[in-house]
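query-v4.tsv (TSV, C-alpha atoms) appears below.
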```
chain	number	residue	atom	x	y	z
A	755	MET	CA	-72.21	40.70	-8.77
A	756	THR	CA	-75.96	41.14	-8.49
A	757	SER	CA	-78.73	38.98	-9.91
A	758	ARG	CA	-82.00	40.24	-11.24
A	759	SER	CA	-84.90	38.21	-12.54
A	760	TYR	CA	-86.21	39.28	-15.91
A	761	GLU	CA	-88.58	36.31	-16.06
A	762	GLY	CA	-91.61	37.15	-18.19
A	763	GLU	CA	-90.45	40.61	-19.29
A	764	TYR	CA	-90.67	41.33	-23.00
A	765	ALA	CA	-87.41	40.69	-24.84
A	766	GLY	CA	-85.66	43.51	-26.65
A	767	PHE	CA	-84.45	43.86	-30.20
A	768	VAL	CA	-80.75	43.16	-29.56
A	769	SER	CA	-81.44	39.96	-27.56
A	770	ARG	CA	-83.75	38.69	-30.29
A	771	LEU	CA	-81.28	39.58	-33.04
A	772	ALA	CA	-78.42	37.83	-31.19
A	773	ALA	CA	-80.57	34.70	-30.76
A	774	LEU	CA	-81.39	34.69	-34.48
A	775	ALA	CA	-77.71	35.10	-35.36
A	776	ILE	CA	-76.83	32.12	-33.14
A	777	ASP	CA	-79.56	30.01	-34.79
A	778	ILE	CA	-78.39	30.96	-38.29
A	779	LEU	CA	-74.81	30.10	-37.36
A	780	LEU	CA	-75.87	26.70	-35.96
A	781	MET	CA	-78.00	25.91	-39.02
A	782	THR	CA	-75.16	26.91	-41.35
A	783	ILE	CA	-72.64	24.73	-39.50
A	784	THR	CA	-75.09	21.80	-39.52
A	785	THR	CA	-75.91	22.19	-43.21
A	786	VAL	CA	-72.26	22.51	-44.27
A	787	THR	CA	-71.26	19.54	-42.12
A	788	VAL	CA	-74.03	17.26	-43.42
A	789	THR	CA	-73.38	18.37	-47.01
A	790	GLY	CA	-69.64	17.84	-46.65
A	791	ILE	CA	-69.98	14.37	-45.15
A	792	SER	CA	-72.56	13.36	-47.77
A	793	SER	CA	-70.29	14.61	-50.56
A	794	LEU	CA	-67.34	12.64	-49.20
A	795	ILE	CA	-69.41	9.47	-48.98
A	796	LEU	CA	-70.79	9.96	-52.50
A	797	ALA	CA	-67.33	10.72	-53.88
A	798	PHE	CA	-66.00	7.51	-52.34
A	799	PHE	CA	-68.72	5.35	-53.93
A	800	ILE	CA	-68.66	7.14	-57.29
A	801	ASN	CA	-64.93	6.53	-57.63
A	802	GLN	CA	-65.31	2.79	-56.94
A	803	PRO	CA	-65.02	0.65	-60.09
A	804	THR	CA	-68.16	-1.29	-59.25
A	805	GLN	CA	-71.69	-1.40	-60.51
A	806	PHE	CA	-72.83	0.35	-57.29
A	807	GLY	CA	-70.59	3.33	-58.13
A	808	GLU	CA	-72.10	3.51	-61.61
A	809	GLN	CA	-75.63	3.54	-60.17
A	810	ILE	CA	-74.78	6.41	-57.80
A	811	LEU	CA	-73.22	8.33	-60.70
A	812	HIS	CA	-76.50	8.05	-62.60
A	813	ILE	CA	-78.58	9.38	-59.71
A	814	GLN	CA	-76.15	12.17	-58.76
A	815	ASP	CA	-78.45	14.93	-60.09
A	816	GLU	CA	-81.37	13.55	-58.08
A	817	LEU	CA	-79.21	13.48	-54.95
A	818	VAL	CA	-78.20	17.12	-55.49
A	819	MET	CA	-81.88	18.07	-55.84
A	820	LEU	CA	-82.72	16.12	-52.67
A	821	GLY	CA	-79.91	17.88	-50.78
A	822	THR	CA	-81.13	21.26	-51.99
A	823	ALA	CA	-84.69	20.45	-50.92
A	824	LEU	CA	-83.47	19.38	-47.48
A	825	ALA	CA	-81.44	22.59	-47.12
A	826	PHE	CA	-84.59	24.63	-47.84
A	827	LEU	CA	-86.75	22.55	-45.48
A	828	PHE	CA	-84.28	22.55	-42.58
A	829	PRO	CA	-84.90	26.15	-41.36
A	830	PRO	CA	-88.72	25.96	-41.13
A	831	VAL	CA	-88.61	22.49	-39.56
A	832	TYR	CA	-85.96	23.65	-37.07
A	833	PHE	CA	-87.83	26.78	-36.00
A	834	ILE	CA	-91.35	25.30	-35.95
A	835	ALA	CA	-90.28	22.15	-34.09
A	836	PHE	CA	-88.25	23.99	-31.45
A	837	TRP	CA	-90.87	26.72	-30.92
A	838	THR	CA	-93.61	24.10	-30.53
A	839	LEU	CA	-91.73	21.53	-28.43
A	840	PHE	CA	-89.58	23.77	-26.23
A	841	GLY	CA	-90.86	27.32	-26.72
A	842	GLN	CA	-87.38	28.36	-27.82
A	843	THR	CA	-84.70	27.57	-30.35
A	844	ILE	CA	-81.12	26.87	-29.30
A	845	GLY	CA	-80.23	30.52	-29.95
A	846	LYS	CA	-83.13	31.75	-27.85
A	847	ALA	CA	-82.18	29.32	-25.05
A	848	ILE	CA	-78.61	30.65	-25.04
A	849	MET	CA	-79.93	34.22	-24.88
A	850	GLY	CA	-82.49	33.35	-22.19
A	851	LEU	CA	-85.56	33.97	-24.36
A	852	ARG	CA	-88.80	32.09	-24.85
A	853	ILE	CA	-91.71	32.41	-27.29
A	854	VAL	CA	-95.17	32.17	-25.73
A	855	ARG	CA	-98.74	32.98	-26.67
A	856	ARG	CA	-100.11	36.36	-25.61
A	857	ASP	CA	-101.70	34.69	-22.58
A	858	GLY	CA	-98.39	33.06	-21.61
A	859	GLY	CA	-99.27	29.55	-22.83
A	860	ARG	CA	-97.32	27.24	-25.11
A	861	VAL	CA	-97.19	28.00	-28.83
A	862	SER	CA	-99.20	25.60	-31.00
A	863	VAL	CA	-97.90	24.04	-34.21
A	864	PHE	CA	-100.29	26.27	-36.17
A	865	GLN	CA	-99.03	29.41	-34.41
A	866	ALA	CA	-95.40	28.37	-34.90
A	867	ALA	CA	-95.97	27.67	-38.62
A	868	THR	CA	-97.86	30.95	-39.02
A	869	ARG	CA	-95.10	32.84	-37.20
A	870	TRP	CA	-92.43	31.26	-39.43
A	871	MET	CA	-94.31	32.05	-42.67
A	872	LEU	CA	-95.03	35.62	-41.57
A	873	PHE	CA	-91.39	36.09	-40.49
A	874	THR	CA	-90.03	34.95	-43.85
A	875	ILE	CA	-92.53	37.11	-45.77
A	876	LEU	CA	-93.01	40.24	-43.64
A	877	VAL	CA	-89.48	40.93	-42.42
A	878	PRO	CA	-87.86	41.18	-45.87
A	879	GLY	CA	-91.16	42.31	-47.48
A	880	THR	CA	-91.35	45.39	-45.27
A	881	LEU	CA	-87.62	46.12	-45.66
A	882	PHE	CA	-87.12	45.02	-42.05
A	883	VAL	CA	-89.62	47.58	-40.67
A	884	GLY	CA	-91.59	44.54	-39.44
A	885	ALA	CA	-88.62	43.47	-37.31
A	886	PHE	CA	-87.62	46.96	-36.19
A	887	TRP	CA	-91.19	47.46	-34.96
A	888	VAL	CA	-89.95	45.72	-31.79
A	889	LEU	CA	-88.32	49.04	-30.90
A	890	LEU	CA	-91.67	50.87	-31.02
A	891	ASP	CA	-94.18	48.38	-29.63
A	892	ASN	CA	-94.82	48.46	-25.88
A	893	ARG	CA	-94.77	44.64	-25.77
A	894	ARG	CA	-91.74	44.55	-28.09
A	895	ARG	CA	-93.53	42.58	-30.79
A	896	ALA	CA	-92.55	42.41	-34.43
A	897	PHE	CA	-95.25	42.23	-37.11
A	898	HIS	CA	-95.02	38.42	-37.23
A	899	ASP	CA	-95.55	38.29	-33.45
A	900	MET	CA	-98.63	40.50	-33.62
A	901	LEU	CA	-100.26	38.51	-36.41
A	902	SER	CA	-99.44	35.08	-34.97
A	903	GLY	CA	-100.49	35.97	-31.41
A	904	THR	CA	-97.06	35.45	-29.81
A	905	VAL	CA	-94.61	37.42	-27.68
A	906	VAL	CA	-90.94	36.87	-26.89
A	907	VAL	CA	-90.08	37.06	-23.20
A	908	TYR	CA	-87.01	36.60	-21.05
A	909	SER	CA	-86.95	33.25	-19.31
A	910	GLY	CA	-84.50	33.57	-16.47
A	911	THR	CA	-82.30	35.41	-14.05
A	912	PHE	CA	-79.25	37.27	-15.29
A	913	ARG	CA	-76.19	38.39	-13.40
A	914	LEU	CA	-74.88	41.90	-13.70
A	915	HIS	CA	-71.34	42.83	-12.78
A	916	ASP	CA	-71.14	45.61	-10.19
A	917	ASP	CA	-67.46	46.17	-10.87
A	918	LEU	CA	-67.99	47.80	-14.26
A	919	ASN	CA	-67.72	51.27	-12.66
A	920	VAL	CA	-70.46	52.65	-14.86
A	921	PRO	CA	-71.28	56.15	-13.62
A	922	LYS	CA	-74.86	56.55	-12.48
A	923	ILE	CA	-76.65	59.56	-13.95
A	924	LYS	CA	-80.12	60.29	-12.66
A	925	PRO	CA	-82.86	59.73	-15.21
A	926	ASN	CA	-84.69	62.87	-16.38
A	927	HIS	CA	-81.78	64.96	-15.12
A	928	LEU	CA	-80.51	67.71	-17.37
A	929	THR	CA	-76.82	67.06	-17.36
A	930	ARG	CA	-74.35	69.85	-17.96
A	931	ARG	CA	-71.07	69.12	-19.67
A	932	GLU	CA	-69.13	69.58	-16.43
A	933	ASP	CA	-71.40	67.04	-14.69
A	934	LEU	CA	-70.39	64.23	-17.05
A	935	PRO	CA	-67.68	61.82	-15.88
A	936	ARG	CA	-64.26	62.52	-17.31
A	937	LEU	CA	-62.43	59.76	-19.15
A	938	ARG	CA	-58.78	59.48	-18.16
```

I'd like the structure from this file rewritten - as structure tokens, please.
Amino acid sequence: MTSRSYEGEYAGFVSRLAALAIDILLMTITTVTVTGISSLILAFFINQPTQFGEQILHIQDELVMLGTALAFLFPPVYFIAFWTLFGQTIGKAIMGLRIVRRDGGRVSVFQAATRWMLFTILVPGTLFVGAFWVLLDNRRRAFHDMLSGTVVVYSGTFRLHDDLNVPKIKPNHLTRREDLPRLR
């Protein structure tokens, strides 16, 4: 097994997408868990034949609206706080990625908030061309990265398995069919 440091190299599309998927999964699990526990607690008190149960029953609509508001506020608070405080969300940390300014410094609250707003507007607004732009840009930036002055870089050393037996084909070599490895 060999190790190679990718520290500071621009992160690719697949790594970024995997980190986002991990973050969405974590936020979904958190939201469902908090909502489920809150519902159980409310159900317990509503079913109690006391005056307290009657009061909760009367404010049930307000509690649903509060829960909905919190569910909408959770993603921006999660992303902005983690980007500002740690330079990475949990998903990006798992994938070994970090968000930094173009000069390599820490992301400010303003930059993080700008990046979040641009991400939520530009990615769906451009039919994901803004996200796929990572594949074309030499610094692998999406539209929201360019406009907020950030880049996503790798933040560590990764280990590669030598025992994968992947055949090595020379780059820029015109390979004939008979030169390709045969699958058995």

So, counting all atoms listed in the file, which residue among A:Leu889, A:Val831, A:Arg894, A:Leu851 is closest to Trp870 in chain A?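 Between A:Leu889, A:Val831, A:Arg894, A:Leu851, the residue approaching Trp870 in chain A most closely is A:Val831.
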
Tell me which of A:Leu779, A:Val861, A:Ala896, A:Ala773 sits closest to Ile848 in chain A, counting only C-alpha atoms.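 Going through A:Leu779, A:Val861, A:Ala896, A:Ala773 one by one, the smallest distance to Ile848 in chain A is for A:Ala773.
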
Smallest atom-to-atom distance to Ile853 in chain A: which of A:Leu901, A:Val788, A:Leu827, A:Val907, using all atoms listed in the file? A:Val907

Near-Asn892 in chain A list (12 Å; only C-alpha atoms; drop same-chain fewer than 4 positions) as a ChimeraX atom specification: /A:763-766,887-888,896,900,905

So which residues fall inside 12 Å of (-81.0, 39.7, -25.4) if we count all atoms listed in the file? Mind giving them as an MDAnalysis selection string? chainID A and resid 760 763:776 845:852 906:910 912

Within 9 Å of file point (-93.9, 23.4, -33.8), counting all atoms listed in the file, expressed as a ChimeraX atom specification: /A:831-841,861-867

Interatomic distance between CA of Gly821 in chain A and CA of His898 in chain A?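 Atom-to-atom, CA of Gly821 in chain A and CA of His898 in chain A are spaced 28.9 Å apart.
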
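Across the model, the gap from CA of Thr787 in chain A to CA of Thr822 in chain A is 14.1 Å.
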
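The gap separating CA of Ala885 in chain A from CA of Thr785 in chain A is 25.5 Å, in Å to one decimal.
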
Proximity to Asp899 in chain A - best of A:Thr880, A:Arg855, A:Arg860, A:Leu817, only C-alpha atoms: A:Arg855
